[in-house]
Amino acid sequence: MTTSLSETQQKDYWREGYLAPLPALEPDRARNYRAALEAAEAQAGEAFDRGLRHKPHLVWNWADELIRETSVLDAVEGILGPDILCWESALFTKDARSSSYISWHQDITYWGLEAEGNVVTAWIALSPSTRLSGCMRVVPGTHTERVIEHRDTHAADNLLSRGQELAVDVDEADAVDIELQPGQMSLHHVKIFHGSNPNRSDDRRIGFAVRYIPPHLRQQAGTADSARLVRGEDNFGHFELEQPPAGDFSAQALAAHKRLRDQRMAIMMR
């Protein structure tokens, strides 16, 4: 196994539940990916927010390229090992002066994946992610908690699919702000308490979140689920292996995205 994480960084991740900041992209490449994303938003129009914000790697080659970024996978390998699936990619965008926020939650809650599974999210900044712009916040050490009960709020400004929030109080004094510059990333554990505040800056806050899992993990809430093999081998076959887009925004890519996302949403919204 080869990884860019030091032994100390690996220990820090397992103790605190996150690592940040880590290098992912050179600043000019981050700018190029932002431009590609904003071109995709313009191309898709309203359809982008209706579903293409999730699993864009099935529709656009730039997104499929980003989930396979070597520097990202080199870091993730230090957590998951040499065989890696991308289970999900998602764009979390807050426009300038937006009231959008993300409530305190644990990622694992509605995913259907094995609760004790080793799942890591790489959160890649494509714009400045600061306290002012509503960066991600975590409560260190909470990844050692059990899966906590959540409430579905379906709040209009909440960027989560169900507006889910922890059904326990979170002491804001314990939270750490993960500030990132374009091209930097954080890694966080699937059970850590995290959320973010509204964007009070004059620029968009754009994060590309990629959920990575080891192939031995199982989906427990549905009969079918999919993932993209991004490194190593899948010797288990628990997930339908996704293919790269058959042309940017092509009819074939959109049909594959709809089928696989509908399958995933049946799990998420069960």
# chains A, B, ... in the order shown; residues from 1 in each chain; ligands from 1
$ select_by_dssp --residues "stretch 30-239 of chain A" --states "strand (DSSP E or B)" --output "PyMOL selection string"
chain A and resi 54+84-94+101-105+113+120-125+129+136-139+150-152+158+164-166+176-177+180+184-189+193-196+205-213+219+226-231
$ closest_atom_pairs --of "stretch 66-118 of chain A" --to "stretch 236-241 of chain A" --cutoff "10 Å" --atoms "only C-alpha atoms" --output "Markdown table"
| residue | atom | partner | partner_atom | distance |
| --- | --- | --- | --- | --- |
| A:Leu85 | CA | A:Leu241 | CA | 8.8 |
| A:Cys86 | CA | A:Leu241 | CA | 9.7 |
| A:Trp87 | CA | A:Phe239 | CA | 9.0 |
$ write_last_selection --atoms "C-alpha atoms" --output "PDB file, in the first residue's frame"
ATOM      1  CA  LEU A  85     -14.876   2.602  -4.558  1.00  0.00           C
ATOM      2  CA  CYS A  86     -16.483   6.013  -5.017  1.00  0.00           C
ATOM      3  CA  TRP A  87     -19.973   5.495  -3.620  1.00  0.00           C
TER       4      TRP A  87
END
$ select_by_dssp --residues "stretch 18-93 of chain A" --states "alpha helix (DSSP H)" --output "VMD selection string"
chain A and resid 27 to 44 46 to 47 61 to 67 70 to 80
$ write_last_selection --atoms "N, CA and C atoms" --output "mmCIF file, in the first residue's frame"
data_model
loop_
_atom_site.group_PDB
_atom_site.id
_atom_site.type_symbol
_atom_site.label_atom_id
_atom_site.label_comp_id
_atom_site.auth_asym_id
_atom_site.auth_seq_id
_atom_site.Cartn_x
_atom_site.Cartn_y
_atom_site.Cartn_z
ATOM 1 N N PRO A 27 -3.904 25.424 -7.392
ATOM 2 C CA PRO A 27 -4.940 26.466 -7.474
ATOM 3 C C PRO A 27 -5.493 26.688 -8.880
ATOM 4 N N ASP A 28 -4.619 26.615 -9.908
ATOM 5 C CA ASP A 28 -5.133 26.844 -11.264
ATOM 6 C C ASP A 28 -6.042 25.705 -11.713
ATOM 7 N N ARG A 29 -5.749 24.471 -11.261
ATOM 8 C CA ARG A 29 -6.631 23.353 -11.589
ATOM 9 C C ARG A 29 -7.958 23.477 -10.849
ATOM 10 N N ALA A 30 -7.923 23.953 -9.617
ATOM 11 C CA ALA A 30 -9.170 24.185 -8.880
ATOM 12 C C ALA A 30 -10.028 25.204 -9.622
ATOM 13 N N ARG A 31 -9.393 26.253 -10.148
ATOM 14 C CA ARG A 31 -10.141 27.258 -10.927
ATOM 15 C C ARG A 31 -10.741 26.631 -12.186
ATOM 16 N N ASN A 32 -9.993 25.746 -12.827
ATOM 17 C CA ASN A 32 -10.507 25.091 -14.033
ATOM 18 C C ASN A 32 -11.702 24.197 -13.720
ATOM 19 N N TYR A 33 -11.638 23.473 -12.602
ATOM 20 C CA TYR A 33 -12.771 22.626 -12.229
ATOM 21 C C TYR A 33 -13.985 23.477 -11.850
ATOM 22 N N ARG A 34 -13.751 24.609 -11.203
ATOM 23 C CA ARG A 34 -14.871 25.500 -10.902
ATOM 24 C C ARG A 34 -15.514 25.985 -12.198
ATOM 25 N N ALA A 35 -14.696 26.367 -13.171
ATOM 26 C CA ALA A 35 -15.232 26.830 -14.457
ATOM 27 C C ALA A 35 -16.025 25.713 -15.137
ATOM 28 N N ALA A 36 -15.519 24.466 -15.056
ATOM 29 C CA ALA A 36 -16.229 23.340 -15.655
ATOM 30 C C ALA A 36 -17.564 23.101 -14.965
ATOM 31 N N LEU A 37 -17.567 23.207 -13.633
ATOM 32 C CA LEU A 37 -18.817 23.064 -12.884
ATOM 33 C C LEU A 37 -19.817 24.140 -13.285
ATOM 34 N N GLU A 38 -19.386 25.375 -13.345
ATOM 35 C CA GLU A 38 -20.312 26.462 -13.650
ATOM 36 C C GLU A 38 -20.807 26.381 -15.093
ATOM 37 N N ALA A 39 -19.994 25.840 -15.990
ATOM 38 C CA ALA A 39 -20.467 25.584 -17.354
ATOM 39 C C ALA A 39 -21.523 24.478 -17.350
ATOM 40 N N ALA A 40 -21.320 23.463 -16.507
ATOM 41 C CA ALA A 40 -22.295 22.374 -16.400
ATOM 42 C C ALA A 40 -23.617 22.881 -15.831
ATOM 43 N N GLU A 41 -23.545 23.769 -14.835
ATOM 44 C CA GLU A 41 -24.769 24.353 -14.275
ATOM 45 C C GLU A 41 -25.538 25.114 -15.344
ATOM 46 N N ALA A 42 -24.814 25.886 -16.161
ATOM 47 C CA ALA A 42 -25.466 26.645 -17.230
ATOM 48 C C ALA A 42 -26.055 25.704 -18.281
ATOM 49 N N GLN A 43 -25.345 24.635 -18.583
ATOM 50 C CA GLN A 43 -25.806 23.674 -19.588
ATOM 51 C C GLN A 43 -27.075 22.959 -19.132
ATOM 52 N N ALA A 44 -27.112 22.559 -17.866
ATOM 53 C CA ALA A 44 -28.234 21.763 -17.362
ATOM 54 C C ALA A 44 -29.416 22.602 -16.913
ATOM 55 N N GLU A 46 -32.191 24.261 -14.696
ATOM 56 C CA GLU A 46 -32.875 23.871 -13.464
ATOM 57 C C GLU A 46 -32.674 22.397 -13.129
ATOM 58 N N ALA A 47 -32.379 21.586 -14.145
ATOM 59 C CA ALA A 47 -32.184 20.154 -13.900
ATOM 60 C C ALA A 47 -30.994 19.901 -12.998
ATOM 61 N N ASN A 61 -17.443 14.308 -17.714
ATOM 62 C CA ASN A 61 -16.113 13.717 -17.585
ATOM 63 C C ASN A 61 -15.223 14.468 -16.607
ATOM 64 N N TRP A 62 -15.392 15.790 -16.465
ATOM 65 C CA TRP A 62 -14.572 16.535 -15.504
ATOM 66 C C TRP A 62 -14.828 16.034 -14.079
ATOM 67 N N ALA A 63 -16.085 15.691 -13.783
ATOM 68 C CA ALA A 63 -16.411 15.199 -12.442
ATOM 69 C C ALA A 63 -15.892 13.774 -12.250
ATOM 70 N N ASP A 64 -15.992 12.946 -13.289
ATOM 71 C CA ASP A 64 -15.450 11.599 -13.213
ATOM 72 C C ASP A 64 -13.935 11.652 -13.039
ATOM 73 N N GLU A 65 -13.298 12.616 -13.678
ATOM 74 C CA GLU A 65 -11.853 12.804 -13.526
ATOM 75 C C GLU A 65 -11.502 13.214 -12.099
ATOM 76 N N LEU A 66 -12.318 14.075 -11.525
ATOM 77 C CA LEU A 66 -12.024 14.596 -10.192
ATOM 78 C C LEU A 66 -12.155 13.525 -9.111
ATOM 79 N N ILE A 67 -13.116 12.610 -9.234
ATOM 80 C CA ILE A 67 -13.247 11.558 -8.225
ATOM 81 C C ILE A 67 -12.083 10.579 -8.293
ATOM 82 N N THR A 70 -5.437 11.572 -8.452
ATOM 83 C CA THR A 70 -4.401 10.781 -7.785
ATOM 84 C C THR A 70 -4.081 11.293 -6.382
ATOM 85 N N SER A 71 -3.934 12.600 -6.227
ATOM 86 C CA SER A 71 -3.566 13.144 -4.914
ATOM 87 C C SER A 71 -4.644 12.877 -3.872
ATOM 88 N N VAL A 72 -5.898 12.880 -4.304
ATOM 89 C CA VAL A 72 -7.003 12.577 -3.390
ATOM 90 C C VAL A 72 -6.962 11.100 -2.987
ATOM 91 N N LEU A 73 -6.825 10.232 -3.979
ATOM 92 C CA LEU A 73 -6.822 8.801 -3.699
ATOM 93 C C LEU A 73 -5.595 8.384 -2.895
ATOM 94 N N ASP A 74 -4.461 9.056 -3.110
ATOM 95 C CA ASP A 74 -3.268 8.736 -2.325
ATOM 96 C C ASP A 74 -3.505 8.979 -0.834
ATOM 97 N N ALA A 75 -4.259 10.029 -0.526
ATOM 98 C CA ALA A 75 -4.585 10.301 0.881
ATOM 99 C C ALA A 75 -5.634 9.311 1.393
ATOM 100 N N VAL A 76 -6.681 9.086 0.615
ATOM 101 C CA VAL A 76 -7.760 8.186 1.030
ATOM 102 C C VAL A 76 -7.233 6.770 1.259
ATOM 103 N N GLU A 77 -6.242 6.363 0.481
ATOM 104 C CA GLU A 77 -5.685 5.019 0.634
ATOM 105 C C GLU A 77 -5.116 4.792 2.033
ATOM 106 N N GLY A 78 -4.647 5.853 2.659
ATOM 107 C CA GLY A 78 -4.140 5.727 4.017
ATOM 108 C C GLY A 78 -5.224 5.427 5.036
ATOM 109 N N ILE A 79 -6.483 5.627 4.654
ATOM 110 C CA ILE A 79 -7.626 5.343 5.536
ATOM 111 C C ILE A 79 -8.304 4.033 5.148
ATOM 112 N N LEU A 80 -8.498 3.806 3.849
ATOM 113 C CA LEU A 80 -9.285 2.668 3.382
ATOM 114 C C LEU A 80 -8.464 1.488 2.904
#
$ residues_around --residues "A:Trp60" --least-positions-apart "5" --cutoff "7 Å" --atoms "only C-alpha atoms" --output "VMD selection string"
chain A and resid 245 248 to 249
$ write_last_selection --atoms "all heavy atoms" --output "PDB file, in the first residue's frame"
ATOM      1  N   PRO A 245     -18.949   8.535 -18.019  1.00  0.00           N
ATOM      2  CA  PRO A 245     -20.006   9.066 -18.877  1.00  0.00           C
ATOM      3  C   PRO A 245     -19.767   8.742 -20.347  1.00  0.00           C
ATOM      4  O   PRO A 245     -18.639   8.809 -20.836  1.00  0.00           O
ATOM      5  CB  PRO A 245     -19.924  10.585 -18.656  1.00  0.00           C
ATOM      6  CG  PRO A 245     -19.171  10.755 -17.392  1.00  0.00           C
ATOM      7  CD  PRO A 245     -18.244   9.590 -17.273  1.00  0.00           C
ATOM      8  N   ASP A 248     -20.156  13.873 -22.441  1.00  0.00           N
ATOM      9  CA  ASP A 248     -20.659  14.887 -21.515  1.00  0.00           C
ATOM     10  C   ASP A 248     -22.116  15.230 -21.804  1.00  0.00           C
ATOM     11  O   ASP A 248     -22.464  15.595 -22.933  1.00  0.00           O
ATOM     12  CB  ASP A 248     -19.818  16.167 -21.623  1.00  0.00           C
ATOM     13  CG  ASP A 248     -18.499  16.058 -20.883  1.00  0.00           C
ATOM     14  OD1 ASP A 248     -18.367  15.167 -20.030  1.00  0.00           O
ATOM     15  OD2 ASP A 248     -17.598  16.873 -21.166  1.00  0.00           O
ATOM     16  N   PHE A 249     -22.951  15.093 -20.765  1.00  0.00           N
ATOM     17  CA  PHE A 249     -24.351  15.495 -20.833  1.00  0.00           C
ATOM     18  C   PHE A 249     -25.093  14.807 -21.984  1.00  0.00           C
ATOM     19  O   PHE A 249     -26.046  15.339 -22.539  1.00  0.00           O
ATOM     20  CB  PHE A 249     -24.448  17.018 -20.957  1.00  0.00           C
ATOM     21  CG  PHE A 249     -25.751  17.590 -20.452  1.00  0.00           C
ATOM     22  CD1 PHE A 249     -26.139  17.408 -19.141  1.00  0.00           C
ATOM     23  CD2 PHE A 249     -26.590  18.310 -21.292  1.00  0.00           C
ATOM     24  CE1 PHE A 249     -27.341  17.940 -18.671  1.00  0.00           C
ATOM     25  CE2 PHE A 249     -27.782  18.842 -20.832  1.00  0.00           C
ATOM     26  CZ  PHE A 249     -28.159  18.655 -19.518  1.00  0.00           C
TER      27      PHE A 249
END
$ closest_residue --among "A:Thr121, A:Val176, A:Asp107, A:Gln184" --to "A:Glu26" --atoms "only C-alpha atoms"
A:Gln184
$ decode --residues "stretch 213-238 of chain A" --atoms "N, CA, C and O atoms" --output "JSON list (two decimals), in the first residue's frame"
[["chain", "number", "residue", "atom", "x", "y", "z"],
["A", 213, "ILE", "N", -15.50, 4.27, -0.21],
["A", 213, "ILE", "CA", -15.73, 3.09, 0.62],
["A", 213, "ILE", "C", -14.82, 1.95, 0.16],
["A", 213, "ILE", "O", -14.40, 1.92, -1.01],
["A", 214, "PRO", "N", -14.52, 0.99, 1.04],
["A", 214, "PRO", "CA", -13.81, -0.23, 0.61],
["A", 214, "PRO", "C", -14.80, -1.20, -0.02],
["A", 214, "PRO", "O", -15.99, -1.23, 0.35],
["A", 215, "PRO", "N", -14.37, -2.01, -0.98],
["A", 215, "PRO", "CA", -15.31, -2.90, -1.69],
["A", 215, "PRO", "C", -16.00, -3.94, -0.81],
["A", 215, "PRO", "O", -17.06, -4.44, -1.20],
["A", 216, "HIS", "N", -15.43, -4.26, 0.35],
["A", 216, "HIS", "CA", -16.07, -5.29, 1.18],
["A", 216, "HIS", "C", -17.32, -4.78, 1.89],
["A", 216, "HIS", "O", -18.12, -5.56, 2.41],
["A", 217, "LEU", "N", -17.52, -3.46, 1.92],
["A", 217, "LEU", "CA", -18.68, -2.88, 2.58],
["A", 217, "LEU", "C", -19.96, -3.32, 1.87],
["A", 217, "LEU", "O", -19.97, -3.53, 0.66],
["A", 218, "ARG", "N", -21.05, -3.42, 2.63],
["A", 218, "ARG", "CA", -22.33, -3.84, 2.05],
["A", 218, "ARG", "C", -23.39, -2.75, 2.21],
["A", 218, "ARG", "O", -23.38, -1.99, 3.18],
["A", 219, "GLN", "N", -24.31, -2.71, 1.25],
["A", 219, "GLN", "CA", -25.52, -1.90, 1.36],
["A", 219, "GLN", "C", -26.58, -2.77, 2.05],
["A", 219, "GLN", "O", -26.88, -3.87, 1.60],
["A", 220, "GLN", "N", -27.13, -2.26, 3.15],
["A", 220, "GLN", "CA", -28.06, -3.07, 3.94],
["A", 220, "GLN", "C", -29.52, -2.66, 3.78],
["A", 220, "GLN", "O", -30.40, -3.37, 4.25],
["A", 221, "ALA", "N", -29.77, -1.54, 3.10],
["A", 221, "ALA", "CA", -31.14, -1.02, 3.06],
["A", 221, "ALA", "C", -31.81, -1.20, 1.71],
["A", 221, "ALA", "O", -32.94, -0.77, 1.52],
["A", 222, "GLY", "N", -31.15, -1.82, 0.77],
["A", 222, "GLY", "CA", -31.76, -2.01, -0.54],
["A", 222, "GLY", "C", -31.16, -3.21, -1.23],
["A", 222, "GLY", "O", -30.10, -3.71, -0.85],
["A", 223, "THR", "N", -31.82, -3.68, -2.25],
["A", 223, "THR", "CA", -31.34, -4.86, -2.97],
["A", 223, "THR", "C", -30.32, -4.49, -4.03],
["A", 223, "THR", "O", -29.64, -5.36, -4.57],
["A", 224, "ALA", "N", -30.22, -3.20, -4.37],
["A", 224, "ALA", "CA", -29.29, -2.78, -5.42],
["A", 224, "ALA", "C", -28.69, -1.43, -5.07],
["A", 224, "ALA", "O", -29.37, -0.55, -4.53],
["A", 225, "ASP", "N", -27.42, -1.29, -5.36],
["A", 225, "ASP", "CA", -26.73, -0.01, -5.18],
["A", 225, "ASP", "C", -25.53, -0.03, -6.12],
["A", 225, "ASP", "O", -25.14, -1.08, -6.65],
["A", 226, "SER", "N", -24.93, 1.12, -6.34],
["A", 226, "SER", "CA", -23.85, 1.21, -7.32],
["A", 226, "SER", "C", -22.70, 2.04, -6.78],
["A", 226, "SER", "O", -22.85, 2.82, -5.83],
["A", 227, "ALA", "N", -21.53, 1.88, -7.40],
["A", 227, "ALA", "CA", -20.34, 2.64, -7.04],
["A", 227, "ALA", "C", -19.37, 2.57, -8.21],
["A", 227, "ALA", "O", -19.47, 1.69, -9.07],
["A", 228, "ARG", "N", -18.40, 3.47, -8.22],
["A", 228, "ARG", "CA", -17.39, 3.52, -9.27],
["A", 228, "ARG", "C", -16.06, 3.03, -8.70],
["A", 228, "ARG", "O", -15.60, 3.55, -7.68],
["A", 229, "LEU", "N", -15.45, 2.02, -9.32],
["A", 229, "LEU", "CA", -14.14, 1.55, -8.90],
["A", 229, "LEU", "C", -13.11, 2.58, -9.34],
["A", 229, "LEU", "O", -12.96, 2.87, -10.53],
["A", 230, "VAL", "N", -12.41, 3.17, -8.36],
["A", 230, "VAL", "CA", -11.46, 4.24, -8.67],
["A", 230, "VAL", "C", -10.01, 3.87, -8.38],
["A", 230, "VAL", "O", -9.09, 4.56, -8.84],
["A", 231, "ARG", "N", -9.79, 2.78, -7.63],
["A", 231, "ARG", "CA", -8.42, 2.31, -7.39],
["A", 231, "ARG", "C", -8.46, 0.85, -6.96],
["A", 231, "ARG", "O", -9.34, 0.44, -6.20],
["A", 232, "GLY", "N", -7.48, 0.09, -7.44],
["A", 232, "GLY", "CA", -7.35, -1.30, -7.00],
["A", 232, "GLY", "C", -8.37, -2.21, -7.64],
["A", 232, "GLY", "O", -8.74, -2.04, -8.81],
["A", 233, "GLU", "N", -8.88, -3.16, -6.87],
["A", 233, "GLU", "CA", -9.78, -4.20, -7.37],
["A", 233, "GLU", "C", -11.02, -4.31, -6.49],
["A", 233, "GLU", "O", -10.98, -3.98, -5.31],
["A", 234, "ASP", "N", -12.09, -4.79, -7.11],
["A", 234, "ASP", "CA", -13.30, -5.14, -6.36],
["A", 234, "ASP", "C", -13.46, -6.65, -6.45],
["A", 234, "ASP", "O", -13.87, -7.19, -7.49],
["A", 235, "ASN", "N", -13.14, -7.33, -5.38],
["A", 235, "ASN", "CA", -13.23, -8.79, -5.34],
["A", 235, "ASN", "C", -14.48, -9.28, -4.61],
["A", 235, "ASN", "O", -14.56, -10.46, -4.25],
["A", 236, "PHE", "N", -15.45, -8.37, -4.41],
["A", 236, "PHE", "CA", -16.63, -8.72, -3.62],
["A", 236, "PHE", "C", -17.93, -8.63, -4.43],
["A", 236, "PHE", "O", -18.83, -9.43, -4.22],
["A", 237, "GLY", "N", -18.06, -7.67, -5.31],
["A", 237, "GLY", "CA", -19.24, -7.56, -6.16],
["A", 237, "GLY", "C", -20.50, -7.14, -5.43],
["A", 237, "GLY", "O", -21.61, -7.48, -5.86],
["A", 238, "HIS", "N", -20.36, -6.39, -4.34],
["A", 238, "HIS", "CA", -21.54, -5.95, -3.59],
["A", 238, "HIS", "C", -22.26, -4.79, -4.26],
["A", 238, "HIS", "O", -23.41, -4.50, -3.91]]
